[in-house]
Structure formats: structure tokens, C-alpha cells
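Below is the file upload.txt, which contains compact mmCIF, C-alpha atoms.
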# COMPACT_ATOMS: atom_id res chain seq x y z
CA MET A 153 -25.39 -18.60 30.60
CA LYS A 154 -24.79 -15.34 28.72
CA VAL A 155 -24.63 -17.27 25.47
CA LEU A 156 -28.02 -18.84 26.18
CA LYS A 157 -29.57 -15.47 27.02
CA LYS A 158 -28.15 -14.10 23.77
CA LEU A 159 -29.61 -16.96 21.74
CA PHE A 160 -32.98 -16.94 23.49
CA GLY A 161 -33.87 -13.27 23.23
CA GLY A 162 -30.78 -11.29 22.32
CA LEU A 163 -30.61 -11.88 18.57
CA ASN A 164 -31.73 -9.34 16.00
CA MET A 165 -33.89 -11.70 13.93
CA THR A 166 -34.60 -9.49 10.92
CA TRP A 167 -36.60 -10.74 7.97
CA PRO A 168 -33.55 -11.13 5.68
CA LYS A 169 -31.78 -13.12 8.40
CA LEU A 170 -34.85 -15.28 8.97
CA ILE A 171 -35.18 -16.08 5.27
CA MET A 172 -31.47 -16.92 5.05
CA PHE A 173 -31.84 -19.10 8.15
CA ALA A 174 -34.77 -20.96 6.53
CA VAL A 175 -32.93 -21.48 3.23
CA ILE A 176 -29.77 -22.78 4.93
CA ALA A 177 -31.76 -25.12 7.21
CA GLY A 178 -33.80 -26.55 4.33
CA VAL A 179 -30.92 -26.99 1.88
CA TYR A 180 -28.62 -28.49 4.53
CA THR A 181 -31.25 -31.00 5.68
CA GLY A 182 -32.10 -32.05 2.13
CA LEU A 183 -28.47 -32.49 1.09
CA ILE A 184 -27.25 -34.36 4.14
CA ASN A 185 -30.22 -36.71 3.87
CA GLN A 186 -28.79 -37.89 0.53
CA VAL A 187 -25.44 -39.04 1.93
CA PRO A 188 -25.78 -42.86 1.95
CA PHE A 189 -23.50 -43.69 4.88
CA LEU A 190 -25.33 -41.15 7.07
CA HIS A 191 -28.74 -42.79 6.65
CA ASP A 192 -30.36 -43.86 9.91
CA THR A 193 -28.09 -41.64 12.00
CA SER A 194 -28.53 -38.53 14.12
CA LEU A 195 -27.37 -36.30 11.25
CA THR A 196 -30.31 -37.28 9.04
CA ASP A 197 -32.93 -37.32 11.81
CA PRO A 198 -34.04 -33.70 11.11
CA ALA A 199 -35.40 -34.90 7.76
CA ILE A 200 -37.91 -37.06 9.67
CA TYR A 201 -38.33 -35.85 13.24
CA PHE A 202 -39.28 -32.59 14.96
CA ASP A 203 -36.72 -31.99 17.70
CA ARG A 204 -34.28 -29.74 15.79
CA TRP A 205 -37.20 -27.84 14.28
CA VAL A 206 -38.61 -27.23 17.77
CA LEU A 207 -35.33 -25.47 18.60
CA CYS A 208 -35.63 -23.35 15.45
CA GLY A 209 -39.19 -22.38 16.33
CA ILE A 210 -38.37 -21.45 19.92
CA LEU A 211 -35.37 -19.36 18.82
CA ILE A 212 -37.61 -17.45 16.40
CA ILE A 213 -40.30 -16.91 19.06
CA MET A 214 -37.87 -15.72 21.71
CA ASN A 215 -36.24 -13.23 19.33
CA ALA A 216 -39.51 -11.88 17.92
CA LYS A 217 -40.77 -8.38 18.72
CA SER A 218 -44.49 -9.15 19.09
CA ASN A 219 -47.05 -11.92 18.93
CA LEU A 220 -47.74 -11.18 15.27
CA ASP A 221 -44.05 -10.92 14.44
CA SER A 222 -43.48 -14.28 16.12
CA ALA A 223 -46.40 -15.94 14.31
CA LEU A 224 -45.46 -14.58 10.87
CA LYS A 225 -41.78 -15.43 11.20
CA CYS A 226 -42.48 -18.97 12.42
CA PHE A 227 -44.89 -19.51 9.53
CA VAL A 228 -42.55 -18.10 6.87
CA PHE A 229 -39.54 -20.00 8.23
CA PHE A 230 -41.30 -23.36 7.92
CA LEU A 231 -43.05 -22.35 4.67
CA ILE A 232 -39.58 -21.91 3.12
CA SER A 233 -37.48 -24.56 4.86
CA GLN A 234 -39.75 -27.60 4.63
CA PRO A 235 -40.50 -27.67 0.87
CA LEU A 236 -36.85 -26.79 0.24
CA ILE A 237 -35.81 -30.08 1.86
CA TYR A 238 -37.79 -32.03 -0.73
CA LEU A 239 -36.89 -29.76 -3.65
CA VAL A 240 -33.21 -30.36 -2.91
CA GLU A 241 -33.91 -34.11 -2.94
CA VAL A 242 -35.70 -34.06 -6.32
CA PRO A 243 -32.48 -34.44 -8.42
CA PHE A 244 -31.63 -37.55 -6.39
CA LEU A 245 -35.06 -39.13 -5.90
CA GLY A 246 -37.33 -37.62 -8.55
CA TRP A 247 -40.43 -35.46 -8.23
CA SER A 248 -42.33 -38.19 -6.37
CA VAL A 249 -40.46 -37.21 -3.20
CA MET A 250 -42.53 -34.01 -3.08
CA GLY A 251 -45.47 -36.20 -2.04
CA TYR A 252 -43.93 -36.41 1.42
CA TYR A 253 -44.29 -32.65 1.85
CA ARG A 254 -48.04 -32.98 2.36
CA ASN A 255 -47.23 -34.46 5.79
CA TRP A 256 -45.72 -31.09 6.73
CA ILE A 257 -48.38 -28.77 5.27
CA LEU A 258 -50.67 -28.95 8.31
CA TRP A 259 -47.76 -28.47 10.69
CA THR A 260 -46.61 -25.45 8.68
CA ILE A 261 -50.07 -23.88 8.98
CA LEU A 262 -50.13 -24.60 12.71
CA THR A 263 -46.84 -22.76 13.24
CA PHE A 264 -48.75 -19.47 12.89
CA PRO A 265 -50.99 -19.92 15.98
CA MET A 266 -48.18 -21.72 17.83
CA GLY A 267 -45.83 -18.81 17.19
CA PHE A 268 -48.51 -16.32 18.29
CA VAL A 269 -49.25 -18.17 21.55
CA GLY A 270 -45.62 -19.10 22.13
CA TYR A 271 -44.64 -15.43 22.32
CA PHE A 272 -46.47 -15.20 25.66
CA MET A 273 -43.62 -17.23 27.18
CA LYS A 274 -41.62 -14.00 27.03
CA LYS A 275 -43.95 -12.54 29.67
CA ASP A 276 -41.98 -14.64 32.17
CA LYS A 277 -45.08 -15.82 34.06
CA TRP A 278 -45.74 -19.23 35.58
CA TRP A 279 -48.36 -19.99 32.93
CA GLY A 280 -45.67 -19.59 30.31
CA LEU A 281 -44.50 -23.01 31.43
CA LEU A 282 -47.91 -24.41 30.42
CA ILE A 283 -47.29 -23.10 26.91
CA LEU A 284 -43.88 -24.81 26.85
CA MET A 285 -45.18 -28.10 28.26
CA PRO A 286 -46.49 -29.61 24.97
CA MET A 287 -43.04 -29.09 23.45
CA LEU A 288 -41.37 -30.76 26.44
CA VAL A 289 -43.72 -33.75 26.16
CA LEU A 290 -43.11 -33.98 22.41
CA LEU A 291 -39.35 -33.91 22.97
CA ALA A 292 -39.66 -36.53 25.70
CA PHE A 293 -41.29 -38.92 23.25
CA HIS A 294 -38.60 -38.12 20.70
CA TYR A 295 -35.97 -38.80 23.36
CA GLY A 296 -37.52 -42.16 24.18
CA GLY A 297 -37.66 -43.10 20.50
CA TYR A 298 -34.06 -42.12 19.89
CA LEU A 299 -32.88 -43.89 23.04
CA GLY A 300 -34.65 -47.07 21.95
CA GLN A 301 -32.95 -46.90 18.56
CA THR A 302 -29.60 -46.34 20.28
CA VAL A 303 -30.13 -49.38 22.48
CA PHE A 304 -31.00 -51.46 19.40
CA SER A 305 -28.17 -50.22 17.18
CA PHE A 306 -25.60 -48.39 19.33
CA PRO A 307 -24.34 -45.71 18.81
CA ARG A 308 -26.84 -44.68 16.15
CA HIS A 309 -29.12 -41.79 17.19
CA LEU A 310 -27.19 -41.29 20.45
CA TYR A 311 -26.52 -37.64 19.60
CA SER A 312 -30.23 -37.11 18.89
CA ALA A 313 -31.19 -38.62 22.25
CA ILE A 314 -28.68 -36.38 24.04
CA PHE A 315 -29.86 -33.35 22.05
CA CYS A 316 -33.46 -33.89 23.15
CA ALA A 317 -32.55 -34.38 26.81
CA VAL A 318 -30.24 -31.35 26.92
CA THR A 319 -32.61 -28.98 25.14
CA MET A 320 -35.50 -30.04 27.38
CA LEU A 321 -33.44 -28.94 30.39
CA ILE A 322 -32.13 -25.81 28.69
CA TYR A 323 -35.44 -24.37 27.48
CA SER A 324 -36.88 -23.60 30.93
CA VAL A 325 -33.61 -22.06 32.11
CA SER A 326 -33.19 -19.97 28.97
CA ILE A 327 -36.76 -18.81 28.44
CA PHE A 328 -37.73 -17.85 31.99
CA SER A 329 -36.07 -15.56 34.53
CA GLU A 330 -38.38 -16.32 37.46
CA LYS A 331 -36.46 -18.78 39.63
CA ARG A 332 -39.43 -20.91 40.68
CA VAL A 333 -40.64 -21.28 37.09
CA ARG A 334 -37.17 -22.28 35.92
CA ILE A 335 -36.81 -24.86 38.70
CA ALA A 336 -40.27 -26.25 37.99
CA GLY A 337 -39.45 -26.52 34.30
CA VAL A 338 -36.19 -28.34 34.95
CA ILE A 339 -37.89 -30.75 37.37
CA ILE A 340 -40.67 -31.51 34.87
CA SER A 341 -38.10 -32.11 32.13
CA ALA A 342 -35.99 -34.32 34.40
CA VAL A 343 -39.02 -36.40 35.38
CA LEU A 344 -40.01 -36.84 31.72
CA ILE A 345 -36.47 -37.87 30.78
CA ALA A 346 -36.27 -40.33 33.68
CA ALA A 347 -39.68 -41.79 32.84
CA MET A 348 -38.77 -42.38 29.19
CA THR A 349 -35.39 -43.85 30.16
CA ILE A 350 -37.05 -46.31 32.55
CA TRP A 351 -39.62 -47.19 29.90
CA VAL A 352 -36.90 -48.04 27.37
CA ILE A 353 -35.07 -50.13 29.97
CA ILE A 354 -38.26 -52.02 30.87
CA LYS A 355 -39.49 -52.30 27.28
CA PRO A 356 -36.40 -52.38 25.05
CA PRO A 357 -37.10 -52.20 21.32
CA VAL A 358 -37.75 -55.45 19.46
CA TYR A 359 -37.89 -55.95 15.71
CA SER A 360 -40.49 -58.65 15.05
CA THR A 361 -40.76 -60.15 11.59
CA GLU A 362 -40.71 -63.34 9.54
CA ILE A 363 -37.35 -64.07 7.97
CA LEU A 364 -37.88 -67.45 6.27
CA TYR A 365 -40.78 -69.23 4.59
CA SER A 366 -40.79 -72.94 3.85
CA GLY A 367 -40.52 -73.31 0.09
CA GLY A 368 -39.72 -69.62 -0.31
CA GLU A 369 -37.05 -67.89 -2.36
CA GLN A 370 -34.29 -68.93 0.05
CA GLY A 371 -34.89 -72.55 -0.88
CA ALA A 372 -35.52 -73.79 2.65
CA VAL A 373 -38.08 -76.52 3.28
CA PHE A 374 -39.03 -77.14 6.90
CA ASP A 375 -41.88 -77.76 9.34
CA ASP A 376 -42.42 -77.57 13.09
CA THR A 377 -40.07 -80.53 13.71
CA TYR A 378 -37.17 -78.24 12.81
CA GLN A 379 -35.41 -75.85 15.20
CA ALA A 380 -34.31 -72.29 14.39
CA SER A 381 -31.86 -70.18 16.37
CA PHE A 382 -29.26 -67.44 16.20
CA THR A 383 -25.65 -68.53 16.73
CA ASP A 384 -25.45 -65.55 19.10
CA PRO A 385 -28.53 -65.62 21.37
CA SER A 386 -28.04 -61.97 22.33
CA PHE A 387 -29.52 -61.00 18.95
CA GLY A 388 -32.91 -62.39 19.95
CA THR A 389 -35.02 -65.50 19.48
CA LEU A 390 -36.37 -67.50 16.55
CA SER A 391 -39.41 -69.76 16.42
CA ILE A 392 -41.15 -71.81 13.74
CA ARG A 393 -44.84 -71.13 13.18
CA TYR A 394 -47.52 -72.23 10.75
CA GLU A 395 -49.24 -69.43 8.87
CA GLU A 396 -52.68 -70.55 7.74
CA ALA A 397 -53.14 -67.59 5.40
CA ILE A 398 -50.32 -68.82 3.15
CA GLU A 399 -50.47 -72.46 4.26
CA SER A 400 -46.78 -72.57 5.01
CA TYR A 401 -44.35 -72.75 7.89
CA MET A 402 -42.22 -69.71 8.64
CA VAL A 403 -39.37 -68.66 10.91
CA HIS A 404 -40.49 -65.81 13.14
CA ALA A 405 -37.78 -63.55 14.58
CA GLU A 406 -37.80 -61.38 17.68
CA MET A 407 -34.62 -59.36 17.14
CA ARG A 408 -33.20 -57.22 19.93
CA LYS A 409 -30.14 -55.55 18.42
CA ALA A 410 -28.53 -54.66 15.12
CA GLY A 411 -25.46 -56.35 13.72
CA GLN A 412 -24.32 -59.47 11.91
CA THR A 413 -24.79 -63.06 13.03
CA GLU A 414 -25.97 -66.42 11.69
CA VAL A 415 -29.34 -68.14 11.55
CA VAL A 416 -29.26 -71.90 12.03
CA LEU A 417 -32.09 -74.10 10.74
CA LYS A 418 -31.68 -77.57 12.23
CA ALA A 419 -33.51 -80.64 10.89
CA PRO A 420 -34.66 -83.55 13.10
CA ASP A 421 -31.77 -85.69 11.75
CA GLY A 422 -29.25 -83.13 12.95
CA THR A 423 -28.35 -81.58 9.59
CA GLU A 424 -28.14 -77.82 9.59
CA LYS A 425 -28.54 -75.02 7.12
CA HIS A 426 -26.87 -71.71 7.94
CA TYR A 427 -27.70 -68.20 6.82
CA ASP A 428 -25.78 -64.97 7.28
CA ILE A 429 -28.07 -62.22 8.52
CA GLU A 430 -27.42 -58.51 8.82
CA ILE A 431 -29.95 -56.90 11.14
CA ARG A 432 -30.90 -53.24 11.10
CA ARG A 433 -33.58 -51.41 13.07
CA ASP A 434 -36.43 -52.05 10.67
CA THR A 435 -34.97 -54.30 7.98
CA TYR A 436 -32.62 -57.21 7.51
CA GLU A 437 -30.65 -59.04 4.82
CA LEU A 438 -30.56 -62.84 4.84
CA THR A 439 -28.05 -64.76 2.70
CA PRO A 440 -27.79 -68.56 2.46
CA LYS A 441 -24.55 -70.09 3.66
CA GLN A 442 -23.14 -73.58 3.32
CA ALA A 443 -25.11 -76.44 4.85
CA LYS A 444 -23.57 -78.31 7.77
Show the structure stored in the file as C-alpha cells.
Amino acid sequence: MKVLKKLFGGLNMTWPKLIMFAVIAGVYTGLINQVPFLHDTSLTDPAIYFDRWVLCGILIIMNAKSNLDSALKCFVFFLISQPLIYLVEVPFLGWSVMGYYRNWILWTILTFPMGFVGYFMKKDKWWGLLILMPMLVLLAFHYGGYLGQTVFSFPRHLYSAIFCAVTMLIYSVSIFSEKRVRIAGVIISAVLIAAMTIWVIIKPPVYSTEILYSGGEQGAVFDDTYQASFTDPSFGTLSIRYEEAIESYMVHAEMRKAGQTEVVLKAPDGTEKHYDIEIRRDTYELTPKQAK
């Protein structure tokens, strides 16, 4: 508890320290996002999602000395850290990667008013929880997204899901001293976490796409008299449909988890063509195998 109080209000966040913090955060995020085997994991999530940056912003706000100090430091932190991420990636990806920074420009500008208003949480009043609420809701949606990705491709993004849930519970306890406000904040966070967990259980993630076209590059020719299936049904379902736009039959996949399995295309005479398929959250790789 003492450690949390130190972090959320007991740090001497000077300007040199803030700038160093921004540089380290930006360079680290940009570099780790270039490690191939870490792609699509919790370690590279900060290059795409907000949850870790929410923590940075709240730490800056809670260690600021005034509304203006909070607003300026939040703005400068994100003004330095966000473009640095893309600048670090330029040697690996080229200057075109800087185009992604425009997605962060508006958010960087908004950190000034958010930092100014966020400082009022230090007043330790019940309405301070209303200021925190948008961040809790944002983190809840992040938690649900991460949890869905974990369910689809366990254990990827598990750490990110846990991070969101834990920080949601910690923020109210660390920011406020008033017991009723802290309890209310924890209850709200717990309800949001439970709601998103139930939603993911009820509506687990599904990757829907077409994986084969009759007469396509994979060399398969088929129609609706054929049958398509995974050798392991737990990966999802396959169906053959006719697409009028391209005047061709296709195999439509509803995939429910990542991994490797086989696709079987069975003709009416019983002959089969097999394909190895490697499924990821939003892409796949299909390779023809021997016919059977």
C-alpha cells in the first residue's frame, strides 16, 4: 500500500525526469515492436493500445503540483513519446511508418485538457470518481478485447488482460483516500470486469473469412456437392458458398481458435484433398497437402 501511495502522489516528477520518462517509454515501445517473435503478444500491445499509456498519464497527473503542471506534463510526455515510437521504427520499416502517427496527434492534443481536469481527482472528492470513470470504461473495453484474443490464441495477450483488470482495481484505491469513494470505485471496476468477462464467454471471438476459391491459386475445383471440414472440429466450421460477385464457389471458415490443423475438401465420389492450415487471430496460411 505504501508503494502505491508513493507511485500515485509521492514522486518528485521534475521536468528532466518527465522528459527522460517519455524518451525511455517511446524508444522502448518502438524497439520491442520490431522483435519478430514478440509480434501479437502483450509486450508489443503498447504500440497499438492505450492501457499502458493510461497508467503513464495517471502517474503524471497524480504527481503534478497543479492543474496547469499536470496538463503541460501530460501533453509534453505524449508529444515526445508517441512520435519517438515511429521514429525508432523508421530504420526497420521506412519513413512511411510515420503516417501512423497522425492517429495519435488528436489524442496528444487532448492530453492537455485531460491532464488539467484529471488533476481534480487529487481533491479526493466523490466527483473525482466521475473523472476517473471514462478511463475505467476504456480499460474495461481493452480488457474484453485482450481476453477475447487470449481465448482465441492462448496465452497471447493474457498479461495485457490481467494488467487492465488489476490497474482498474488499483486506481480507485491509490487515487482516493475517502473510504466510500474507494469502495465505490472498486465495485464499479469489478462490475465492468465481470460484465466484459461474461460477454467474452457468451460471444467468444470468431475469425470469419474465405480460405479457398474454386479455380483459385490453390488449384482446387469444387462446387456445393463437395464437403469441407477441419480434421479437428474444435477449430471451427467450414461451409461451401457461391459468391455471385466473382461467380465462383468458395470455402467459408468460422475459426474459433489459433493453431495448426488440416482442411479436408471431400468430393461426392469420396476423394479428398487436404490442406495444412495455420490459424492466427486475423490471418491464416493455407498449404496444399497430398490428396487422399
Legend entry - Distance query region 288-305 of chain A at most 7 Å, only C-alpha atoms, self and fewer than 3 positions along chain excluded, as a ChimeraX atom specification: /A:203,284-285,308-310,312-313,316-317,320,341,344-345,348-349,352,356-357,408-410,433
Go ahead and write the selection's residues with C-alpha atoms as a PDB file, in the frame of the given file.
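Wrote it out as result_33.pdb, contents follow:
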ATOM      1  CA  ASP A 203     -36.720 -31.990  17.700  1.00  0.00           C
ATOM      2  CA  LEU A 284     -43.880 -24.810  26.850  1.00  0.00           C
ATOM      3  CA  MET A 285     -45.180 -28.100  28.260  1.00  0.00           C
ATOM      4  CA  ARG A 308     -26.840 -44.680  16.150  1.00  0.00           C
ATOM      5  CA  HIS A 309     -29.120 -41.790  17.190  1.00  0.00           C
ATOM      6  CA  LEU A 310     -27.190 -41.290  20.450  1.00  0.00           C
ATOM      7  CA  SER A 312     -30.230 -37.110  18.890  1.00  0.00           C
ATOM      8  CA  ALA A 313     -31.190 -38.620  22.250  1.00  0.00           C
ATOM      9  CA  CYS A 316     -33.460 -33.890  23.150  1.00  0.00           C
ATOM     10  CA  ALA A 317     -32.550 -34.380  26.810  1.00  0.00           C
ATOM     11  CA  MET A 320     -35.500 -30.040  27.380  1.00  0.00           C
ATOM     12  CA  SER A 341     -38.100 -32.110  32.130  1.00  0.00           C
ATOM     13  CA  LEU A 344     -40.010 -36.840  31.720  1.00  0.00           C
ATOM     14  CA  ILE A 345     -36.470 -37.870  30.780  1.00  0.00           C
ATOM     15  CA  MET A 348     -38.770 -42.380  29.190  1.00  0.00           C
ATOM     16  CA  THR A 349     -35.390 -43.850  30.160  1.00  0.00           C
ATOM     17  CA  VAL A 352     -36.900 -48.040  27.370  1.00  0.00           C
ATOM     18  CA  PRO A 356     -36.400 -52.380  25.050  1.00  0.00           C
ATOM     19  CA  PRO A 357     -37.100 -52.200  21.320  1.00  0.00           C
ATOM     20  CA  ARG A 408     -33.200 -57.220  19.930  1.00  0.00           C
ATOM     21  CA  LYS A 409     -30.140 -55.550  18.420  1.00  0.00           C
ATOM     22  CA  ALA A 410     -28.530 -54.660  15.120  1.00  0.00           C
ATOM     23  CA  ARG A 433     -33.580 -51.410  13.070  1.00  0.00           C
TER      24      ARG A 433
END
Legend entry - Who sits within 10 Å of Met172 (chain A), all atoms listed in the file, same chain under 4 positions skipped, as a count of residues only: 9
Inset, instruction - Please measure the separation of CA of Glu424 (chain A) and CA of Leu438 (chain A), giving the value in Å to one decimal. - result: 15.9 Å
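Take CA of Thr260 (chain A) and CA of Tyr238 (chain A): the distance between them is 14.5 Å.
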Inset, instruction - Please identify all polymer residues lying at most 10 Å from the point (-29.4, -14.4, 29.3) (file coordinates), using only C-alpha atoms, and present the result as number ranges by chain. - result: A: 153-162, 325-329
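If all atoms listed in the file are the atoms counted, then among A:Trp256, A:Asn215, A:Val249, A:Tyr271 the closest residue to Leu231 (chain A) is A:Trp256.
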Inset, instruction - Would you mind reading off the distance between CA of Phe268 (chain A) and CA of Cys226 (chain A), one decimal, in Å? - result: 8.8 Å
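The residue that comes closest to Pro235 (chain A), out of A:Met266, A:Ser222, A:Trp205, A:Ala174 and on the basis of all atoms listed in the file, is A:Ala174.
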Inset, instruction - Write out as an NGL selection string the residues lying within 12 Å of Gly182 (chain A), counting all atoms listed in the file and excluding same-chain residues fewer than 5 positions away. - result: :A and (175-177 or 187 or 195-200 or 233-245 or 249-250)
Legend entry - Shell of 9 Å around Leu220 (chain A), all atoms listed in the file, local chain residues under 3 positions omitted, as JSON, numbers by chain: {"A": [216, 217, 223, 224, 225, 264, 267, 268, 271]}
Which residues are near Pro385 (chain A)? Cut-off 10 Å, only C-alpha atoms, ignore same chain within fewer than 5 positions. Put them as a PDB file with C-alpha atoms, keeping the file's coordinate frame.
ATOM      1  CA  LEU A 390     -36.370 -67.500  16.550  1.00  0.00           C
ATOM      2  CA  MET A 407     -34.620 -59.360  17.140  1.00  0.00           C
ATOM      3  CA  ARG A 408     -33.200 -57.220  19.930  1.00  0.00           C
ATOM      4  CA  THR A 413     -24.790 -63.060  13.030  1.00  0.00           C
TER       5      THR A 413
END
Inset, instruction - Would you mind telling me which residue in A:Pro440, A:Glu395, A:Asp375, A:Met402 lies nearest to Pro420 (chain A) when using only C-alpha atoms? - result: A:Asp375
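Comparing A:Ile257, A:Ile363, A:Ile392, A:Ile212 by their smallest distance to Leu163 (chain A), the closest is A:Ile212 (using all atoms listed in the file).
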How big is the axis-aligned box around the listed atoms of region 204-213 of chain A once 4 Å is added on each side, and where is its centre? Give both in Å to one decimal, as JSON.
{"center_x": -37.3, "center_y": -23.3, "center_z": 17.1, "size_x": 14.0, "size_y": 20.8, "size_z": 13.6}
Legend entry - Counting all atoms listed in the file, the option among A:Asp276, A:Glu330, A:Glu399, A:Glu437 closest to Ser366 (chain A): A:Glu399
